[in-house]
$ cat my_file-v9.cif   # mmCIF, C-alpha atoms and all ligand atoms
data_protein
#
loop_
_atom_site.label_atom_id
_atom_site.label_comp_id
_atom_site.auth_asym_id
_atom_site.auth_seq_id
_atom_site.Cartn_x
_atom_site.Cartn_y
_atom_site.Cartn_z
CA MET A 1 0.00 0.00 0.00
CA GLU A 2 1.19 3.47 -0.81
CA PRO A 3 0.96 6.07 1.92
CA LEU A 4 -2.03 8.35 1.56
CA GLU A 5 0.13 11.43 1.94
CA LYS A 6 -0.26 12.67 -1.61
CA TYR A 7 -4.03 12.54 -1.31
CA ILE A 8 -4.47 14.34 1.98
CA ASP A 9 -6.71 17.35 2.01
CA GLY A 10 -5.20 20.78 2.20
CA GLY A 11 -6.39 24.32 2.54
CA GLY A 12 -10.13 24.20 2.34
CA LYS A 13 -10.52 22.04 -0.73
CA GLU A 14 -13.21 20.18 1.13
CA ALA A 15 -14.58 18.10 -1.71
CA VAL A 16 -11.24 16.96 -3.12
CA LEU A 17 -10.97 13.73 -1.26
CA SER A 18 -13.54 11.28 0.09
CA LEU A 19 -12.17 7.97 1.31
CA HIS A 20 -14.74 6.56 3.73
CA ASN A 21 -17.67 5.21 1.73
CA HIS A 22 -19.75 2.04 1.62
CA SER A 23 -21.62 0.31 -1.17
CA VAL A 24 -23.92 -2.69 -1.47
CA TRP A 25 -20.79 -4.87 -1.12
CA SER A 26 -21.23 -4.31 2.63
CA ASP A 27 -24.01 -2.21 4.19
CA GLY A 28 -24.37 0.63 1.71
CA ALA A 29 -27.50 1.34 -0.34
CA GLY A 30 -25.80 2.24 -3.64
CA THR A 31 -23.82 0.05 -6.00
CA ALA A 32 -20.11 0.74 -6.24
CA GLU A 33 -20.72 2.20 -9.68
CA GLU A 34 -23.47 4.55 -8.41
CA MET A 35 -21.19 5.70 -5.61
CA CYS A 36 -18.38 6.49 -8.07
CA ARG A 37 -20.70 8.39 -10.38
CA ALA A 38 -22.06 10.47 -7.49
CA ALA A 39 -18.55 11.27 -6.27
CA LYS A 40 -17.42 12.37 -9.70
CA GLU A 41 -20.50 14.57 -10.09
CA ALA A 42 -19.88 16.09 -6.65
CA GLY A 43 -16.39 17.18 -7.70
CA VAL A 44 -14.47 14.64 -5.64
CA ARG A 45 -10.99 14.17 -7.12
CA VAL A 46 -9.88 11.13 -5.15
CA PHE A 47 -12.65 8.76 -4.18
CA GLY A 48 -12.28 5.65 -2.08
CA LEU A 49 -14.71 2.85 -1.46
CA SER A 50 -14.03 1.29 1.92
CA ASP A 51 -16.59 -1.44 2.43
CA HIS A 52 -16.56 -3.22 5.78
CA TRP A 53 -14.32 -6.22 6.31
CA VAL A 54 -15.23 -7.79 9.64
CA VAL A 55 -13.81 -11.10 10.84
CA HIS A 56 -15.20 -11.45 14.34
CA PRO A 57 -13.12 -13.87 16.42
CA ASP A 58 -16.31 -15.31 17.94
CA PRO A 59 -17.53 -17.85 15.35
CA GLU A 60 -21.09 -17.51 16.69
CA LEU A 61 -21.20 -13.94 15.37
CA MET A 62 -19.96 -14.90 11.93
CA PRO A 63 -20.72 -14.06 9.24
CA VAL A 64 -21.37 -10.43 10.12
CA SER A 65 -24.31 -9.24 8.01
CA TRP A 66 -22.92 -5.74 7.37
CA SER A 67 -19.51 -6.92 6.17
CA ILE A 68 -18.41 -7.97 2.69
CA ALA A 69 -19.40 -11.65 2.68
CA PRO A 70 -16.68 -14.19 3.47
CA GLY A 71 -14.98 -15.26 0.26
CA LYS A 72 -16.19 -12.20 -1.66
CA LEU A 73 -13.17 -9.96 -1.13
CA PRO A 74 -11.44 -10.85 -4.41
CA ALA A 75 -14.67 -10.15 -6.32
CA TYR A 76 -15.02 -6.77 -4.54
CA LEU A 77 -11.51 -5.75 -5.53
CA GLU A 78 -12.02 -7.00 -9.08
CA GLU A 79 -15.17 -4.90 -9.37
CA LEU A 80 -13.29 -1.82 -8.16
CA ALA A 81 -10.48 -2.51 -10.66
CA ARG A 82 -13.12 -2.61 -13.39
CA LEU A 83 -14.59 0.70 -12.17
CA LYS A 84 -11.12 2.30 -12.17
CA ASP A 85 -10.96 1.55 -15.89
CA ILE A 86 -14.33 3.21 -16.42
CA PHE A 87 -14.07 6.25 -14.15
CA ASN A 88 -10.41 7.19 -13.73
CA ASP A 89 -9.17 10.17 -15.73
CA GLU A 90 -6.97 13.20 -15.09
CA ASN A 91 -9.56 14.64 -12.69
CA PHE A 92 -10.69 11.54 -10.83
CA THR A 93 -8.96 8.65 -9.11
CA LEU A 94 -10.80 5.73 -7.57
CA LEU A 95 -9.04 3.92 -4.74
CA ALA A 96 -9.96 0.45 -3.52
CA GLY A 97 -10.04 0.47 0.26
CA LEU A 98 -11.52 -1.45 3.15
CA GLU A 99 -12.76 -0.47 6.58
CA VAL A 100 -11.30 -3.24 8.69
CA ASP A 101 -12.50 -4.09 12.19
CA PHE A 102 -9.63 -4.46 14.64
CA PHE A 103 -9.59 -7.44 17.02
CA PHE A 104 -6.59 -8.30 19.19
CA GLU A 105 -7.41 -11.98 18.70
CA ASN A 106 -6.89 -12.09 14.94
CA PHE A 107 -5.58 -8.83 13.49
CA GLU A 108 -2.28 -10.32 12.34
CA GLU A 109 -3.95 -13.09 10.44
CA VAL A 110 -6.63 -10.79 9.00
CA LEU A 111 -4.07 -8.23 7.84
CA ALA A 112 -1.80 -10.91 6.37
CA GLY A 113 -4.78 -12.13 4.33
CA LEU A 114 -5.38 -8.60 3.06
CA ASP A 115 -1.70 -8.12 2.14
CA ARG A 116 -2.08 -10.81 -0.46
CA LEU A 117 -4.97 -8.93 -2.10
CA GLN A 118 -3.26 -5.53 -2.05
CA PRO A 119 -6.06 -3.02 -1.51
CA ASP A 120 -5.00 0.62 -1.92
CA TYR A 121 -5.62 1.56 1.73
CA LEU A 122 -7.12 0.34 4.99
CA ILE A 123 -9.20 2.25 7.53
CA GLY A 124 -8.72 0.80 11.02
CA SER A 125 -11.98 0.90 12.97
CA VAL A 126 -13.57 -0.63 16.03
CA HIS A 127 -17.30 -1.46 16.02
CA TYR A 128 -17.30 -4.16 18.71
CA ALA A 129 -16.38 -4.23 22.38
CA GLY A 130 -16.27 -7.99 22.83
CA ARG A 131 -19.64 -9.11 21.49
CA PHE A 132 -21.23 -5.70 22.08
CA PRO A 133 -22.01 -3.88 18.80
CA ILE A 134 -21.06 -0.28 19.56
CA ASP A 135 -22.89 1.52 16.78
CA ASN A 136 -25.83 -0.80 16.18
CA CYS A 137 -28.72 0.91 18.01
CA ALA A 138 -29.58 3.07 21.01
CA GLY A 139 -31.46 0.16 22.62
CA ASP A 140 -28.21 -1.79 23.07
CA TRP A 141 -26.82 1.12 25.09
CA LYS A 142 -30.02 1.68 27.02
CA ALA A 143 -29.72 -1.83 28.41
CA LEU A 144 -26.27 -1.10 29.90
CA SER A 145 -25.58 0.03 33.48
CA ALA A 146 -23.21 2.93 34.10
CA ASP A 147 -20.46 0.39 34.78
CA GLY A 148 -21.38 -1.42 31.59
CA ILE A 149 -21.01 1.81 29.61
CA ARG A 150 -17.63 2.45 31.19
CA ALA A 151 -16.48 -1.08 30.37
CA VAL A 152 -17.53 -0.78 26.72
CA CYS A 153 -15.65 2.50 26.42
CA GLU A 154 -12.56 1.10 28.07
CA THR A 155 -12.50 -1.87 25.70
CA TYR A 156 -13.16 0.42 22.76
CA TRP A 157 -10.23 2.73 23.50
CA ASN A 158 -7.88 -0.20 24.19
CA LYS A 159 -8.75 -1.68 20.84
CA MET A 160 -8.25 1.67 19.06
CA LEU A 161 -4.88 1.87 20.76
CA GLY A 162 -4.08 -1.61 19.45
CA ALA A 163 -5.14 -0.53 15.96
CA ALA A 164 -2.86 2.52 16.13
CA GLU A 165 0.06 0.62 17.64
CA CYS A 166 0.02 -2.18 15.08
CA GLY A 167 0.96 0.50 12.54
CA ARG A 168 -0.75 -1.31 9.68
CA PHE A 169 -3.65 1.03 8.95
CA SER A 170 -3.56 3.90 6.48
CA LEU A 171 -5.84 5.92 8.75
CA LEU A 172 -7.90 5.50 11.92
CA GLY A 173 -11.68 5.61 11.54
CA HIS A 174 -14.22 7.54 13.62
CA LEU A 175 -12.40 7.99 16.93
CA ASP A 176 -14.85 8.30 19.82
CA LEU A 177 -17.60 6.26 18.12
CA PRO A 178 -19.11 5.15 21.49
CA LYS A 179 -20.73 8.58 21.86
CA LYS A 180 -22.93 7.93 18.81
CA PHE A 181 -26.26 7.50 20.63
CA GLY A 182 -25.56 10.07 23.32
CA PHE A 183 -25.16 7.64 26.22
CA LEU A 184 -21.86 8.92 27.57
CA PRO A 185 -22.44 10.83 30.82
CA ASP A 186 -19.25 12.82 30.37
CA PRO A 187 -17.38 12.42 27.10
CA GLY A 188 -14.53 14.43 28.60
CA ALA A 189 -13.86 11.48 30.90
CA TYR A 190 -12.44 9.62 27.93
CA LEU A 191 -9.95 12.29 26.94
CA PRO A 192 -6.99 10.51 28.59
CA ASP A 193 -7.81 7.37 26.57
CA ALA A 194 -8.12 9.40 23.40
CA ARG A 195 -4.77 11.04 24.11
CA ARG A 196 -3.07 7.64 24.32
CA VAL A 197 -4.43 6.70 20.92
CA LEU A 198 -3.40 10.07 19.47
CA ASP A 199 0.11 9.70 20.88
CA ALA A 200 0.39 6.30 19.22
CA ALA A 201 -0.93 7.67 15.91
CA ALA A 202 1.44 10.66 16.06
CA ALA A 203 4.43 8.43 16.79
CA ARG A 204 3.68 6.36 13.69
CA ASN A 205 2.54 9.22 11.48
CA ILE A 206 -0.93 7.72 11.00
CA PRO A 207 -3.69 10.14 9.96
CA ILE A 208 -7.08 10.12 11.62
CA GLU A 209 -10.32 10.95 9.92
CA LEU A 210 -12.75 13.72 10.68
CA ASN A 211 -15.88 11.66 10.12
CA THR A 212 -18.82 13.90 9.31
CA ALA A 213 -21.55 11.25 9.82
CA GLY A 214 -21.77 11.98 13.55
CA TRP A 215 -23.40 15.35 12.85
CA SER A 216 -26.43 13.45 11.59
CA LYS A 217 -26.60 11.04 14.57
CA GLU A 218 -27.90 11.53 18.11
CA CYS A 219 -24.52 12.83 19.29
CA ARG A 220 -24.82 15.80 16.85
CA GLU A 221 -21.08 16.26 16.38
CA PRO A 222 -18.42 14.71 14.18
CA TYR A 223 -16.07 11.91 15.18
CA PRO A 224 -13.84 12.83 16.86
CA SER A 225 -15.19 15.66 19.00
CA PRO A 226 -13.74 19.16 18.49
CA GLU A 227 -11.85 18.66 21.75
CA ILE A 228 -10.09 15.49 20.56
CA LEU A 229 -9.55 17.06 17.16
CA ARG A 230 -7.70 19.93 18.84
CA GLU A 231 -5.50 17.41 20.66
CA ALA A 232 -4.79 15.67 17.35
CA ARG A 233 -3.75 18.88 15.62
CA ALA A 234 -1.57 19.84 18.57
CA ARG A 235 0.33 16.60 17.83
CA ASN A 236 0.52 17.48 14.11
CA ILE A 237 -1.61 14.49 13.20
CA ARG A 238 -2.93 14.75 9.68
CA VAL A 239 -6.69 14.72 9.31
CA ILE A 240 -8.72 13.33 6.42
CA ILE A 241 -12.34 14.41 6.14
CA GLY A 242 -14.62 11.43 5.48
CA ALA A 243 -18.37 11.11 5.03
CA ASP A 244 -18.89 7.45 5.98
CA ALA A 245 -21.44 7.56 3.17
CA HIS A 246 -23.83 4.65 2.84
CA CYS A 247 -25.66 6.10 -0.18
CA PRO A 248 -24.66 8.18 -3.23
CA GLN A 249 -26.22 11.40 -1.84
CA HIS A 250 -23.83 11.45 1.12
CA VAL A 251 -20.34 11.22 -0.43
CA THR A 252 -19.50 14.78 0.65
CA ARG A 253 -22.08 15.25 3.42
CA ASN A 254 -21.15 17.98 5.91
CA PHE A 255 -17.72 18.46 4.27
CA ALA A 256 -17.93 22.26 4.30
CA ALA A 257 -18.68 22.24 8.03
CA ALA A 258 -15.80 19.83 8.64
CA ALA A 259 -13.35 21.99 6.70
CA ARG A 260 -14.55 25.02 8.70
CA LEU A 261 -14.06 23.14 11.96
CA LEU A 262 -10.55 22.11 10.93
CA ARG A 263 -9.60 25.66 10.04
CA GLU A 264 -11.01 26.98 13.34
CA THR A 265 -9.18 24.27 15.25
CA ASP A 266 -5.90 25.15 13.60
CA ARG A 267 -6.42 28.85 14.24
CA THR A 268 -7.12 28.44 17.94
CA ARG A 269 -4.71 25.73 19.02
ZN ZN A 301 -17.26 2.43 10.83
ZN ZN A 302 -17.82 3.22 7.72
#

$ encode --input "my_file-v9.cif" --output "structure tokens"
Amino acid sequence: MEPLEKYIDGGGKEAVLSLHNHSVWSDGAGTAEEMCRAAKEAGVRVFGLSDHWVVHPDPELMPVSWSIAPGKLPAYLEELARLKDIFNDENFTLLAGLEVDFFFENFEEVLAGLDRLQPDYLIGSVHYAGRFPIDNCAGDWKALSADGIRAVCETYWNKMLGAAECGRFSLLGHLDLPKKFGFLPDPGAYLPDARRVLDAAAARNIPIELNTAGWSKECREPYPSPEILREARARNIRVIIGADAHCPQHVTRNFAAAARLLRETDRTR
């Protein structure tokens, strides 16, 4: 995999780059082709599809319904290679990525399997704390006690730290995802955990994303929070704005607001 450096956003060109997007290969609503067409029409210059690749170590939870189906990875990458031939020109580059779930139990094996297939980039994300699906629905969180919430968050941040420390991901996805449904009593309580992950990312020169999907969820703010974003910029961590689009209409959703937030953050740090 080539480093993403040459593609990273700079200076307010908010629609130049969009690397966090899903299609019907995992849990998106648009075909890969529809997503590419929408991105090109929206003025995106470098567009990445990053469908979910989830290999849960608990066999009872496999296959995960919102992941690319087991055995279908080569076909996914072949389809994206075909779309590169159709869509790529001097103004548009399609990249074939994956959003990979990090698990301590199997990350080495999972990543070794992906090396053989050579995707263009990998987003390292955490959607599970043990068997608990972090971003599935508010009801899952409602059923947790305060201690349960704390335990999920602790596991989440440890796994994100593992994802950063393994040094194998091109960028880290949606930091602070556990706030999604608004069940954190005090998000600030997790700042020390976030700082550990940011230190690890900074030490390895791994970018994080500014994921704009959170603005449209119950938490009403991007991932990560402005506070964590400020900490990231103070460590000179590069930031890639991503939509986490699951349909063609969303490939640059909230990008202008994200670019504004980044500029404000950089001005005030
Ligand atoms: Zn995700
Ligand atoms: Zn995603």

$ closest_residue --input "my_file-v9.cif" --among "A:Val197, A:Cys36, A:Asp101, A:Gly124" --to "A:Ile86" --atoms "all atoms listed in the file"
A:Cys36

$ residues_near_ligand --input "my_file-v9.cif" --ligand "ligand ZN 301 (chain A)" --cutoff "12 Å" --atoms "all atoms listed in the file" --output "VMD selection string"
chain A and resid 20 to 22 26 to 28 50 to 54 66 to 67 98 to 102 122 to 128 133 to 136 172 to 178 180 209 211 to 214 223 242 to 246

$ closest_residue --input "my_file-v9.cif" --among "A:Ala96, A:Leu19, A:Ala234, A:Ala151" --to "ligand ZN 302 (chain A)" --atoms "all atoms listed in the file"
A:Leu19

$ atom_distance --input "my_file-v9.cif" --atom1 "atom CA of A:Arg45" --atom2 "atom CA of A:Leu94"
8.5 Å

$ closest_residue --input "my_file-v9.cif" --among "A:Leu262, A:Val239, A:Val251, A:Leu61" --to "ligand ZN 302 (chain A)" --atoms "only C-alpha atoms and all ligand atoms"
A:Val251

$ closest_residue --input "my_file-v9.cif" --among "A:Ser216, A:Ser23, A:Asn88, A:Thr155" --to "A:Phe181" --atoms "all atoms listed in the file"
A:Ser216

$ residues_around --input "my_file-v9.cif" --residues "A:His56" --least-positions-apart "6" --cutoff "9 Å" --atoms "all atoms listed in the file" --output "MDAnalysis selection string"
chainID A and resid 62:64 101:103 105:106 128 131

$ closest_residue --input "my_file-v9.cif" --among "A:Ala81, A:Cys247, A:Ala203, A:Val110" --to "ligand ZN 302 (chain A)" --atoms "only C-alpha atoms and all ligand atoms"
A:Cys247

$ closest_residue --input "my_file-v9.cif" --among "A:Gly162, A:Leu77, A:Pro119, A:Gly48" --to "ligand ZN 302 (chain A)" --atoms "only C-alpha atoms and all ligand atoms"
A:Gly48

$ decode --input "my_file-v9.cif" --residues "stretch 152-179 of chain A" --atoms "N, CA and C atoms" --output "CSV table (one decimal), in the first residue's frame"
chain,number,residue,atom,x,y,z
A,152,VAL,N,-17.5,-0.8,28.2
A,152,VAL,CA,-17.5,-0.8,26.7
A,152,VAL,C,-16.5,0.3,26.2
A,153,CYS,N,-16.6,1.4,26.9
A,153,CYS,CA,-15.7,2.5,26.4
A,153,CYS,C,-14.2,2.1,26.6
A,154,GLU,N,-13.9,1.5,27.8
A,154,GLU,CA,-12.6,1.1,28.1
A,154,GLU,C,-12.1,0.1,27.0
A,155,THR,N,-12.9,-0.9,26.7
A,155,THR,CA,-12.5,-1.9,25.7
A,155,THR,C,-12.3,-1.2,24.4
A,156,TYR,N,-13.2,-0.3,24.0
A,156,TYR,CA,-13.2,0.4,22.8
A,156,TYR,C,-11.8,1.1,22.6
A,157,TRP,N,-11.5,1.9,23.6
A,157,TRP,CA,-10.2,2.7,23.5
A,157,TRP,C,-9.0,1.8,23.5
A,158,ASN,N,-9.0,0.7,24.2
A,158,ASN,CA,-7.9,-0.2,24.2
A,158,ASN,C,-7.7,-0.8,22.8
A,159,LYS,N,-8.8,-1.1,22.2
A,159,LYS,CA,-8.7,-1.7,20.8
A,159,LYS,C,-8.3,-0.6,19.8
A,160,MET,N,-8.7,0.6,20.0
A,160,MET,CA,-8.3,1.7,19.1
A,160,MET,C,-6.7,1.9,19.3
A,161,LEU,N,-6.3,1.8,20.5
A,161,LEU,CA,-4.9,1.9,20.8
A,161,LEU,C,-4.1,0.7,20.1
A,162,GLY,N,-4.7,-0.5,20.1
A,162,GLY,CA,-4.1,-1.6,19.5
A,162,GLY,C,-4.0,-1.4,17.9
A,163,ALA,N,-5.1,-0.8,17.4
A,163,ALA,CA,-5.1,-0.5,16.0
A,163,ALA,C,-4.1,0.5,15.6
A,164,ALA,N,-3.9,1.5,16.4
A,164,ALA,CA,-2.9,2.5,16.1
A,164,ALA,C,-1.5,1.9,16.3
A,165,GLU,N,-1.3,1.1,17.4
A,165,GLU,CA,0.1,0.6,17.6
A,165,GLU,C,0.5,-0.4,16.6
A,166,CYS,N,-0.4,-1.2,16.0
A,166,CYS,CA,0.0,-2.2,15.1
A,166,CYS,C,0.6,-1.5,13.8
A,167,GLY,N,0.3,-0.2,13.6
A,167,GLY,CA,1.0,0.5,12.5
A,167,GLY,C,0.6,0.0,11.1
A,168,ARG,N,-0.4,-0.7,11.0
A,168,ARG,CA,-0.8,-1.3,9.7
A,168,ARG,C,-1.9,-0.6,8.9
A,169,PHE,N,-2.5,0.4,9.6
A,169,PHE,CA,-3.7,1.0,8.9
A,169,PHE,C,-3.2,2.4,8.3
A,170,SER,N,-3.9,2.7,7.2
A,170,SER,CA,-3.6,3.9,6.5
A,170,SER,C,-4.1,5.1,7.2
A,171,LEU,N,-5.3,4.9,7.9
A,171,LEU,CA,-5.8,5.9,8.8
A,171,LEU,C,-6.7,5.3,9.8
A,172,LEU,N,-7.0,6.0,10.9
A,172,LEU,CA,-7.9,5.5,11.9
A,172,LEU,C,-9.3,6.1,11.7
A,173,GLY,N,-10.3,5.2,11.8
A,173,GLY,CA,-11.7,5.6,11.5
A,173,GLY,C,-12.4,6.1,12.8
A,174,HIS,N,-13.3,7.0,12.6
A,174,HIS,CA,-14.2,7.5,13.6
A,174,HIS,C,-13.8,7.3,15.1
A,175,LEU,N,-12.8,8.0,15.5
A,175,LEU,CA,-12.4,8.0,16.9
A,175,LEU,C,-13.6,8.5,17.7
A,176,ASP,N,-13.8,8.0,18.9
A,176,ASP,CA,-14.9,8.3,19.8
A,176,ASP,C,-16.3,7.9,19.3
A,177,LEU,N,-16.3,6.8,18.6
A,177,LEU,CA,-17.6,6.3,18.1
A,177,LEU,C,-18.6,5.9,19.3
A,178,PRO,N,-18.1,5.5,20.5
A,178,PRO,CA,-19.1,5.1,21.5
A,178,PRO,C,-20.1,6.3,21.9
A,179,LYS,N,-19.8,7.5,21.5
A,179,LYS,CA,-20.7,8.6,21.9
A,179,LYS,C,-21.9,8.6,20.9
